[in-house]
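Source file: entry.cif (mmCIF, C-alpha atoms)
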data_data
loop_
_atom_site.label_atom_id
_atom_site.label_comp_id
_atom_site.auth_asym_id
_atom_site.auth_seq_id
_atom_site.Cartn_x
_atom_site.Cartn_y
_atom_site.Cartn_z
CA MET S 1041 -26.37 4.66 97.28
CA ASN S 1042 -28.66 1.68 97.49
CA GLY S 1043 -29.21 -1.03 94.91
CA ASP S 1044 -32.32 0.47 93.32
CA LEU S 1045 -30.61 3.75 92.54
CA ASN S 1046 -27.58 1.88 91.20
CA GLN S 1047 -29.88 -0.09 88.94
CA LEU S 1048 -31.63 3.09 87.77
CA PHE S 1049 -28.34 4.79 86.98
CA GLY S 1050 -27.17 1.66 85.12
CA LEU S 1051 -30.34 1.76 83.03
CA PHE S 1052 -29.79 5.41 82.13
CA LEU S 1053 -26.10 4.79 81.41
CA LEU S 1054 -26.93 1.90 79.06
CA PHE S 1055 -29.61 3.70 77.05
CA LEU S 1056 -27.89 7.08 76.96
CA SER S 1057 -24.60 5.51 75.80
CA LEU S 1058 -26.55 4.15 72.84
CA LEU S 1059 -28.07 7.60 72.22
CA LEU S 1060 -24.56 9.10 72.27
CA ILE S 1061 -23.39 6.43 69.80
CA ALA S 1062 -26.32 7.31 67.49
CA GLY S 1063 -25.18 10.95 67.55
CA VAL S 1064 -21.54 10.03 66.86
CA TYR S 1065 -22.60 7.75 63.98
CA LEU S 1066 -24.75 10.53 62.51
CA ILE S 1067 -21.85 12.98 62.63
CA THR S 1068 -19.32 10.59 61.12
CA ALA S 1069 -21.56 9.12 58.40
CA THR S 1070 -22.95 12.31 56.90
CA ARG S 1071 -21.45 15.15 54.88
CA ASN S 1072 -24.44 17.46 55.30
CA LEU S 1073 -23.62 20.32 57.68
CA ILE S 1074 -27.18 20.57 59.07
CA ARG S 1075 -27.23 16.85 59.79
CA ILE S 1076 -23.94 17.25 61.67
CA LEU S 1077 -25.65 19.88 63.86
CA ILE S 1078 -28.56 17.46 64.44
CA GLY S 1079 -26.09 14.73 65.49
CA MET S 1080 -24.48 17.15 67.90
CA GLU S 1081 -27.91 17.91 69.38
CA ILE S 1082 -28.62 14.19 69.92
CA MET S 1083 -25.29 13.80 71.73
CA THR S 1084 -26.08 16.81 73.92
CA LYS S 1085 -29.47 15.35 74.84
CA ALA S 1086 -27.77 12.17 76.04
CA VAL S 1087 -25.28 14.12 78.17
CA THR S 1088 -28.01 16.39 79.61
CA LEU S 1089 -30.16 13.50 80.73
CA LEU S 1090 -27.18 11.62 82.18
CA ILE S 1091 -26.21 14.66 84.29
CA ILE S 1092 -29.77 14.83 85.64
CA ALA S 1093 -29.79 11.08 86.37
CA ALA S 1094 -26.44 11.38 88.18
CA GLY S 1095 -27.82 14.28 90.23
CA TYR S 1096 -30.92 12.22 91.07
CA VAL S 1097 -29.05 9.17 92.33
CA THR S 1098 -26.55 11.21 94.38
CA ALA S 1099 -29.25 13.48 95.88
CA ASN S 1100 -27.64 16.55 94.29
CA ILE S 1101 -30.48 17.37 91.94
CA ALA S 1102 -30.25 21.15 92.44
CA LEU S 1103 -26.59 21.20 91.39
CA ALA S 1104 -27.37 18.95 88.42
CA GLN S 1105 -30.22 21.23 87.34
CA SER S 1106 -28.03 24.32 87.49
CA ILE S 1107 -25.35 22.58 85.40
CA VAL S 1108 -27.96 21.49 82.87
CA ILE S 1109 -29.28 25.06 82.57
CA THR S 1110 -25.73 26.24 81.78
CA LEU S 1111 -25.32 23.38 79.31
CA ILE S 1112 -28.57 24.25 77.50
CA ILE S 1113 -27.52 27.88 77.11
CA VAL S 1114 -24.08 26.94 75.78
CA GLU S 1115 -25.77 24.42 73.44
CA VAL S 1116 -28.05 27.11 71.99
CA VAL S 1117 -25.16 29.52 71.42
CA VAL S 1118 -23.05 26.83 69.71
CA LEU S 1119 -25.99 25.82 67.54
CA LEU S 1120 -26.77 29.43 66.63
CA VAL S 1121 -23.20 30.13 65.53
CA GLY S 1122 -23.10 26.77 63.71
CA ALA S 1123 -26.33 27.59 61.87
CA GLY S 1124 -24.91 31.01 60.96
CA ILE S 1125 -21.81 29.32 59.53
CA VAL S 1126 -23.98 26.89 57.53
CA VAL S 1127 -25.98 29.79 56.05
CA GLY S 1128 -22.73 31.68 55.32
CA VAL S 1129 -21.19 28.66 53.59
CA PHE S 1130 -24.38 28.23 51.55
CA MET S 1131 -24.31 31.89 50.48
CA LEU S 1132 -20.67 31.57 49.41
CA THR S 1133 -20.65 28.18 47.72
CA GLY S 1134 -24.30 27.26 47.08
CA ASP S 1135 -23.80 23.96 48.90
CA ILE S 1136 -24.19 22.70 52.47
CA SER S 1137 -21.81 19.76 52.16
CA VAL S 1138 -18.58 19.40 54.12
CA LYS S 1139 -16.84 19.22 50.72
CA ALA S 1140 -17.70 22.90 50.22
CA LEU S 1141 -15.55 23.77 53.24
CA LYS S 1142 -12.48 22.02 51.82
CA ASN S 1143 -12.08 24.61 49.07
CA MET S 1144 -11.90 27.52 51.50
CA ARG S 1145 -8.69 29.39 52.17
CA GLY S 1146 -7.14 29.49 55.61
CA MET A 848 -38.43 1.66 86.60
CA THR A 849 -40.73 0.33 83.86
CA PHE A 850 -41.73 3.89 83.05
CA PHE A 851 -38.09 4.92 82.58
CA VAL A 852 -37.44 1.86 80.39
CA LEU A 853 -40.35 2.91 78.18
CA ILE A 854 -39.24 6.55 78.00
CA LEU A 855 -35.61 5.63 77.25
CA SER A 856 -36.66 3.11 74.57
CA ALA A 857 -38.83 5.79 72.99
CA LEU A 858 -35.84 8.17 73.10
CA LEU A 859 -33.71 5.65 71.20
CA LEU A 860 -36.44 5.01 68.62
CA VAL A 861 -36.97 8.73 68.04
CA ALA A 862 -33.19 9.24 67.71
CA LEU A 863 -33.12 6.46 65.10
CA ALA A 864 -36.00 8.10 63.25
CA THR A 865 -34.15 11.44 63.34
CA ALA A 866 -31.09 9.79 61.83
CA LEU A 867 -32.87 7.69 59.23
CA VAL A 868 -35.48 10.09 57.85
CA ALA A 869 -34.52 11.59 54.49
CA ASP A 870 -36.10 15.05 54.72
CA LEU A 871 -34.18 17.51 56.91
CA LEU A 872 -37.34 19.36 57.92
CA VAL A 873 -38.91 16.13 59.21
CA ALA A 874 -35.63 15.32 60.99
CA ALA A 875 -35.83 18.69 62.80
CA ILE A 876 -39.35 17.89 63.96
CA TRP A 877 -38.28 14.43 65.19
CA LEU A 878 -35.51 16.22 67.10
CA ALA A 879 -38.14 18.40 68.80
CA LEU A 880 -39.97 15.22 69.83
CA LEU A 881 -36.68 13.91 71.26
CA SER A 882 -36.49 17.07 73.37
CA VAL A 883 -40.06 16.57 74.60
CA LEU A 884 -39.26 12.99 75.69
CA THR A 885 -36.12 14.24 77.45
CA THR A 886 -38.29 16.82 79.22
CA ILE A 887 -40.69 14.12 80.45
CA ALA A 888 -37.80 12.04 81.79
CA MET A 889 -36.33 15.10 83.53
CA PHE A 890 -39.67 15.95 85.10
CA TYR A 891 -39.96 12.46 86.57
CA LEU A 892 -36.39 12.74 87.89
CA ASN A 893 -37.49 15.63 90.17
CA SER A 894 -35.92 18.40 88.09
CA PRO A 895 -38.78 20.62 86.87
CA LEU A 896 -36.68 23.76 86.28
CA ALA A 897 -34.25 22.03 83.92
CA ALA A 898 -37.24 20.37 82.24
CA VAL A 899 -38.88 23.75 81.58
CA PHE A 900 -35.60 25.07 80.11
CA GLU A 901 -35.27 21.97 77.94
CA LEU A 902 -38.84 22.25 76.68
CA SER A 903 -38.83 25.97 75.93
CA ILE A 904 -35.32 26.26 74.53
CA CYS A 905 -34.50 22.87 73.00
CA ALA A 906 -37.95 21.92 71.73
CA GLY A 907 -38.91 25.50 70.85
CA LEU A 908 -36.03 27.79 70.01
CA ILE A 909 -33.68 25.19 68.53
CA THR A 910 -36.44 23.81 66.28
CA VAL A 911 -37.10 27.35 65.03
CA ILE A 912 -33.35 27.83 64.36
CA PHE A 913 -33.19 24.51 62.48
CA ILE A 914 -36.28 25.21 60.39
CA SER A 915 -35.08 28.70 59.44
CA THR A 916 -31.62 27.35 58.53
CA ILE A 917 -33.14 24.58 56.42
CA SER A 918 -35.49 26.98 54.64
CA LEU A 919 -32.59 29.37 53.96
CA THR A 920 -30.43 26.62 52.47
CA ARG A 921 -32.95 24.45 50.62
CA LEU A 922 -31.45 23.66 47.23
CA THR A 923 -32.25 20.17 45.96
CA SER A 924 -34.74 19.23 43.27
CA ASN A 925 -37.02 16.20 43.66
CA GLN A 926 -34.79 14.00 41.49
CA GLU A 927 -31.72 14.90 43.54
CA LYS A 928 -33.68 14.18 46.71
CA LYS A 929 -34.55 10.67 45.50
CA THR A 930 -30.94 9.77 44.66
CA ALA A 931 -29.74 11.26 47.93
CA ALA A 932 -32.32 9.19 49.86
CA ARG A 933 -31.08 6.00 48.16
CA THR A 934 -27.42 6.63 49.01
CA ARG A 935 -28.37 7.68 52.54
CA LEU A 936 -30.17 4.41 53.20
CA LYS A 937 -26.97 2.48 52.41
CA LYS A 938 -25.03 4.58 54.89
CA TYR A 939 -27.48 4.48 57.77
CA ILE A 940 -28.67 0.88 57.48
CA TRP A 941 -25.72 -0.02 59.76
CA LEU A 942 -26.78 2.35 62.55
CA PRO A 943 -29.48 0.12 64.18
CA MET A 944 -27.16 -2.91 63.96
CA VAL A 945 -24.23 -1.03 65.51
CA MET A 946 -26.51 0.18 68.31
CA LEU A 947 -27.88 -3.32 68.89
CA VAL A 948 -24.42 -4.92 69.08
CA ILE A 949 -22.98 -2.24 71.36
CA GLY A 950 -26.15 -2.33 73.48
CA ILE A 951 -25.90 -6.08 74.03
CA ALA A 952 -22.17 -5.79 74.78
CA LEU A 953 -22.81 -3.02 77.30
CA TYR A 954 -25.69 -4.94 78.90
CA LEU A 955 -23.50 -7.99 79.41
CA THR A 956 -20.46 -6.13 80.72
CA LEU A 957 -21.95 -3.18 82.58
CA ASP A 958 -21.81 -3.67 86.32
CA ILE A 959 -22.72 -0.44 88.04
CA ASN A 960 -21.61 -0.27 91.63
CA LEU A 961 -20.88 3.37 92.09
CA THR A 962 -20.05 4.88 95.41
CA LEU A 963 -20.18 8.52 94.44
CA PRO A 964 -19.24 11.03 97.12
CA LEU A 965 -22.29 12.76 98.50
CA LEU A 966 -21.76 16.51 98.52
CA THR A 967 -23.61 18.78 100.90
CA PRO A 968 -27.03 18.63 99.27
CA GLU A 969 -28.45 22.05 98.49
CA THR A 970 -32.08 21.65 97.51
CA ASP A 971 -32.77 25.13 96.14
CA VAL A 972 -31.69 25.58 92.52
CA ARG A 973 -31.70 29.38 92.80
CA LYS A 974 -29.23 29.28 95.69
CA VAL A 975 -26.94 26.95 93.75
CA ILE A 976 -27.01 29.17 90.65
CA TRP A 977 -26.63 32.55 92.35
CA ASN A 978 -24.44 31.62 95.33
CA LEU A 979 -22.41 28.51 94.54
CA ARG A 980 -21.86 29.05 90.83
CA GLN A 981 -21.36 32.82 90.49
CA PHE A 982 -18.18 32.45 88.47
CA ASP A 983 -19.89 30.05 86.04
CA LEU A 984 -22.63 32.64 85.52
CA LEU A 985 -19.96 35.09 84.36
CA GLY A 986 -18.69 32.49 81.89
CA MET A 987 -22.25 31.91 80.68
CA LEU A 988 -22.72 35.64 80.06
CA ILE A 989 -19.46 35.80 78.11
CA ILE A 990 -20.53 32.81 75.99
CA LEU A 991 -23.88 34.50 75.25
CA LEU A 992 -22.10 37.69 74.18
CA VAL A 993 -19.69 35.67 72.01
CA GLY A 994 -22.69 34.02 70.34
CA VAL A 995 -24.35 37.36 69.63
CA PHE A 996 -21.05 38.77 68.33
CA GLY A 997 -20.52 35.69 66.11
CA VAL A 998 -23.97 35.97 64.54
CA VAL A 999 -23.51 39.72 63.97
CA VAL A 1000 -20.14 39.13 62.26
CA LEU A 1001 -21.50 36.29 60.09
CA PHE A 1002 -24.51 38.26 58.88
CA LYS A 1003 -22.52 41.48 58.41
CA GLU A 1004 -20.27 39.64 55.95
CA LYS A 1005 -23.32 38.29 54.17
CA PHE A 1006 -24.83 41.75 53.73
CA ASN A 1007 -21.49 43.14 52.53
CA ASN A 1008 -21.37 40.39 49.90
CA GLU A 1009 -24.87 41.25 48.72
CA ARG A 1010 -23.87 44.87 48.17
#

What would you get if you wrote out this structure as structure tokens?
Amino acid sequence: MNGDLNQLFGLFLLFLSLLLIAGVYLITATRNLIRILIGMEIMTKAVTLLIIAAGYVTANIALAQSIVITLIIVEVVVLLVGAGIVVGVFMLTGDISVKALKNMRG
Amino acid sequence: MTFFVLILSALLLVALATALVADLLVAAIWLALLSVLTTIAMFYLNSPLAAVFELSICAGLITVIFISTISLTRLTSNQEKKTAARTRLKKYIWLPMVMLVIGIALYLTLDINLTLPLLTPETDVRKVIWNLRQFDLLGMLIILLVGVFGVVVLFKEKFNNER
């Protein structure tokens, strides 16, 4: 790997670490379940782009793309089930706060 | 390089806007814009197939899921919204500062000198998916079925409650 590619990967690593931190902050600071899902999405975006950047600098872009496709599908399924849980919690408790989950049995 | 700096800075700004905006619906739309910027970056990193997936699924389908969830669970009055916005601002005012401090620390300490092992480069994505990663495809199918099953179970319970 030559210096230019190293520099490019360093740039992506720096910015995407900050994007990941924004997602973590969003998840930890909020009590709204939908906002937690949004934070999770931001974190996934950072990871997706970092995988592609890693594939680019190591000349394995096809492998990186196939991994990203898998990741996107898993992301959608997780989000769909999460959204279903949010709607279910809202139907049961009339609230979409994390506090509403504390009163549940089990 | 300058192009990537611009795109990545825009990504960070849009992520901040997604976190800081008070209305959830607007936050979902900012998230779609984040996906579009990710798509542009992917396209310029020579990965058009992943970019198309990102654009159609993350910017399209996920935004639709978010908007339907938000419209199904909208509950606050205008007064409640105003008080919530005020308390939110106190919480999230630290986010840009935390990002700035960690960003400067990373910039000063980060010294990338990776010597990653070069695998046998396969340039065709289709060959990688269908030949090299057959077992992963099985896992992906199972995850999709689990998702469908989960949604069916969740909504079945909801309909039973309504009866």

Considering all atoms listed in the file, can you say which of S:Val1097, S:Leu1090, S:Ala1102, S:Ile1067 comes closest to chain A?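 Using all atoms listed in the file, chain A sits closest to S:Ala1102.
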
Within 6 Å of chain A, which residues of chain S show up when using all atoms listed in the file, listed as a count of residues only? 8

Residue nearest Thr1070 of chain S among A:Thr849, A:Thr934, A:Asn978, A:Ser918 (counting only C-alpha atoms):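 Nearest to Thr1070 of chain S: A:Thr934.
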
Between atom CA of Ile1078 of chain S and atom CA of Asn1143 of chain S, distance in Å (one decimal):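 Between atom CA of Ile1078 of chain S and atom CA of Asn1143 of chain S the gap works out to 23.6 Å.
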
At a cut-off of 8 Å, using only C-alpha atoms, what residues contact Gly1063 of chain S? Leave out same-chain residues fewer than 4 positions from it and give the result as a list of chain:residue names.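 Contacts, with the query itself left out: S:Leu1059, S:Ile1067, S:Ile1078, S:Gly1079, S:Met1080, S:Glu1081, S:Ile1082, S:Met1083.
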
Only C-alpha atoms, please: the residues just picked out, written as a PDB file, keeping the file's coordinate frame.
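Full text of again-v1.pdb as output:
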ATOM      1  CA  LEU S1059     -28.070   7.600  72.220  1.00  0.00           C
ATOM      2  CA  ILE S1067     -21.850  12.980  62.630  1.00  0.00           C
ATOM      3  CA  ILE S1078     -28.560  17.460  64.440  1.00  0.00           C
ATOM      4  CA  GLY S1079     -26.090  14.730  65.490  1.00  0.00           C
ATOM      5  CA  MET S1080     -24.480  17.150  67.900  1.00  0.00           C
ATOM      6  CA  GLU S1081     -27.910  17.910  69.380  1.00  0.00           C
ATOM      7  CA  ILE S1082     -28.620  14.190  69.920  1.00  0.00           C
ATOM      8  CA  MET S1083     -25.290  13.800  71.730  1.00  0.00           C
TER       9      MET S1083
END

Between atom CA of Asp1044 of chain S and atom CA of Ile1107 of chain S, what is the distance, to one decimal in Å? 24.5 Å

For the atom pair atom CA of Ala857 of chain A and atom CA of Leu1045 of chain S, what is the interatomic distance in Å to one decimal place?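 The value is 21.3 Å.
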
From S:Thr1110, S:Ser1137, S:Asn1046, S:Thr1088, residue lying nearest Arg1071 of chain S [all atoms listed in the file]: S:Ser1137
